[in-house]
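K.L.:
Before I ask anything, here is the structure I am working with.
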Amino acid sequence: MKTQQRTLAIIKPDAVKKNATGDILNSIYAAGFRIIGMHMLEINTEQAQGFYAVHAGKPFFNSLCTFMSSGPIVVLALEKESAIADWRKLMGATNPANAEAGTIRKKWASSIESNAVHGSDAEDTARFELSYFFPGYELF
């Protein structure tokens, strides 16, 4: 049996507001991911700052945290053999203008900041991000 990898995915406030959640979930299933945890919530600016602490001091940090706390988000724990790389490919480039056809960001994002989805970029990041939103939760 091959080892399964886990990653965090977030459907951001802009995509939730556009009612894109169902379409994005369908894309996740169609790409062979297993959703092992999911919930919708709203985070405040301080929670967003804690989650994105790695970007503190960067020019986009404050606007990112304000954006992420501007409405509901859907957090997902995904599992698949190459979950991190496969999710990042399905998301598409950060700038939707550069995203490939068929990616989530090409379809749903409107700018670099309002880019519909988030995904962990490495295994250590995924561990931190999963524990941030699923602390003490049993992931199936």
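Ligands are numbered from 1 in the order shown, chains are lettered A, B, ... in the order of the structure tokens, and residues start at 1 in each chain.
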Set the distance at 8 Å and use only C-alpha atoms: which residues neighbour Ser114 of chain A once local chain neighbours fewer than 2 positions away are removed? I'd like the list as a list in words.

P.N.:
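Here the answer would be Lys12, Asp14, Phe67, Ala109, Ser110, Ser111, Ile112 and Ala116 of chain A.
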
K.L.:
Output C-alpha atoms of each residue in that selection to a file, as an mmCIF file, in the first residue's frame.

P.N.:
```
data_model
loop_
_atom_site.group_PDB
_atom_site.id
_atom_site.type_symbol
_atom_site.label_atom_id
_atom_site.label_comp_id
_atom_site.auth_asym_id
_atom_site.auth_seq_id
_atom_site.Cartn_x
_atom_site.Cartn_y
_atom_site.Cartn_z
ATOM 1 C CA LYS A 12 -11.151 31.563 0.685
ATOM 2 C CA ASP A 14 -14.011 35.395 -2.227
ATOM 3 C CA PHE A 67 -9.053 39.597 3.435
ATOM 4 C CA ALA A 109 -9.952 33.762 -8.769
ATOM 5 C CA SER A 110 -10.060 37.442 -9.641
ATOM 6 C CA SER A 111 -6.642 38.682 -8.456
ATOM 7 C CA ILE A 112 -3.419 37.625 -6.737
ATOM 8 C CA ALA A 116 -10.071 31.533 -4.320
#
```

K.L.:
For Ala15 of chain A, please output as a list in words all residues within 9 Å (counting only C-alpha atoms; exclusion window: fewer than 3 positions along the same chain).

P.N.:
Ile11, Lys12, Lys18, Asn19, Ala20, Thr21, Ile24, Ile73, Trp108, Ala109, Ser114, Asn115, Ala116 and Val117 of chain A

K.L.:
So which one's closest to Tyr132 of chain A, A:Gly71, A:Gly50, A:Pro96, A:Pro13? Using only C-alpha atoms, please.

P.N.:
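For Tyr132 of chain A, the nearest of the candidates is A:Gly50.
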
K.L.:
Write out as a PyMOL selection string the set of residues from chain A that DSSP, computed on the backbone, places in alpha helix (DSSP H).

P.N.:
chain A and resi 13-17+21-30+45-51+61-68+83-91+104-108+123-133

K.L.:
Can I get the selected residues back with C-alpha atoms, as a compact mmCIF listing (two decimals), in the first residue's frame?

P.N.:
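This is the output file again_28.txt:
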```txt
# COMPACT_ATOMS: atom_id res chain seq x y z
CA PRO A 13 -13.82 34.22 1.39
CA ASP A 14 -14.01 35.40 -2.23
CA ALA A 15 -14.81 31.90 -3.54
CA VAL A 16 -17.31 31.21 -0.74
CA LYS A 17 -19.04 34.50 -1.57
CA THR A 21 -17.61 25.85 -2.80
CA GLY A 22 -19.60 23.02 -4.41
CA ASP A 23 -17.73 23.29 -7.70
CA ILE A 24 -14.36 23.34 -5.90
CA LEU A 25 -15.33 20.29 -3.82
CA ASN A 26 -16.34 18.47 -7.01
CA SER A 27 -12.93 19.31 -8.51
CA ILE A 28 -11.21 17.94 -5.40
CA TYR A 29 -13.13 14.65 -5.59
CA ALA A 30 -12.63 14.38 -9.36
CA THR A 45 -7.71 39.18 12.00
CA GLU A 46 -5.61 37.85 14.89
CA GLN A 47 -6.32 34.24 13.89
CA ALA A 48 -5.39 35.05 10.30
CA GLN A 49 -2.16 36.68 11.53
CA GLY A 50 -1.32 33.52 13.50
CA PHE A 51 -1.97 31.31 10.51
CA PHE A 61 0.65 40.59 5.18
CA ASN A 62 -1.91 43.05 6.59
CA SER A 63 -4.16 43.04 3.52
CA LEU A 64 -4.00 39.22 3.37
CA CYS A 65 -5.06 38.92 7.00
CA THR A 66 -7.86 41.46 6.53
CA PHE A 67 -9.05 39.60 3.43
CA MET A 68 -8.97 36.18 5.12
CA ALA A 83 -1.52 15.47 -1.92
CA ILE A 84 0.62 18.60 -1.66
CA ALA A 85 1.88 18.66 -5.25
CA ASP A 86 -1.43 17.51 -6.71
CA TRP A 87 -3.44 20.12 -4.78
CA ARG A 88 -1.05 22.89 -5.79
CA LYS A 89 -1.38 21.82 -9.45
CA LEU A 90 -5.19 21.77 -9.19
CA MET A 91 -5.18 25.23 -7.56
CA ILE A 104 -9.48 26.39 -9.72
CA ARG A 105 -7.81 29.79 -9.77
CA LYS A 106 -8.30 30.19 -13.53
CA LYS A 107 -12.01 29.56 -13.03
CA TRP A 108 -12.72 31.31 -9.72
CA GLU A 123 5.07 18.67 4.40
CA ASP A 124 6.19 20.70 7.43
CA THR A 125 3.87 23.54 6.43
CA ALA A 126 1.01 21.07 5.97
CA ARG A 127 1.54 19.66 9.47
CA PHE A 128 1.42 23.15 11.01
CA GLU A 129 -1.55 24.27 8.93
CA LEU A 130 -3.58 21.12 9.56
CA SER A 131 -2.98 21.41 13.32
CA TYR A 132 -3.98 25.10 13.21
CA PHE A 133 -7.47 24.31 11.97
```

K.L.:
Please indicate the distance in Å from atom CA of Phe140 of chain A to atom CA of Gly37 of chain A, rounded to one decimal place.

P.N.:
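So the two atoms, atom CA of Phe140 of chain A and atom CA of Gly37 of chain A, lie 6.9 Å apart.
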
K.L.:
Can you list, as a list of chain:residue names, every protein, DNA or RNA residue that comes within 10 Å of Met38 of chain A when you count only C-alpha atoms, leaving out same-chain residues fewer than 5 positions away?

P.N.:
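Counting only C-alpha atoms, the residues come to A:Leu8, A:Ala9, A:Ile10, A:Val74, A:Val75, A:Leu76, A:Ala77, A:Leu78, A:Phe133, A:Phe134, A:Leu139.
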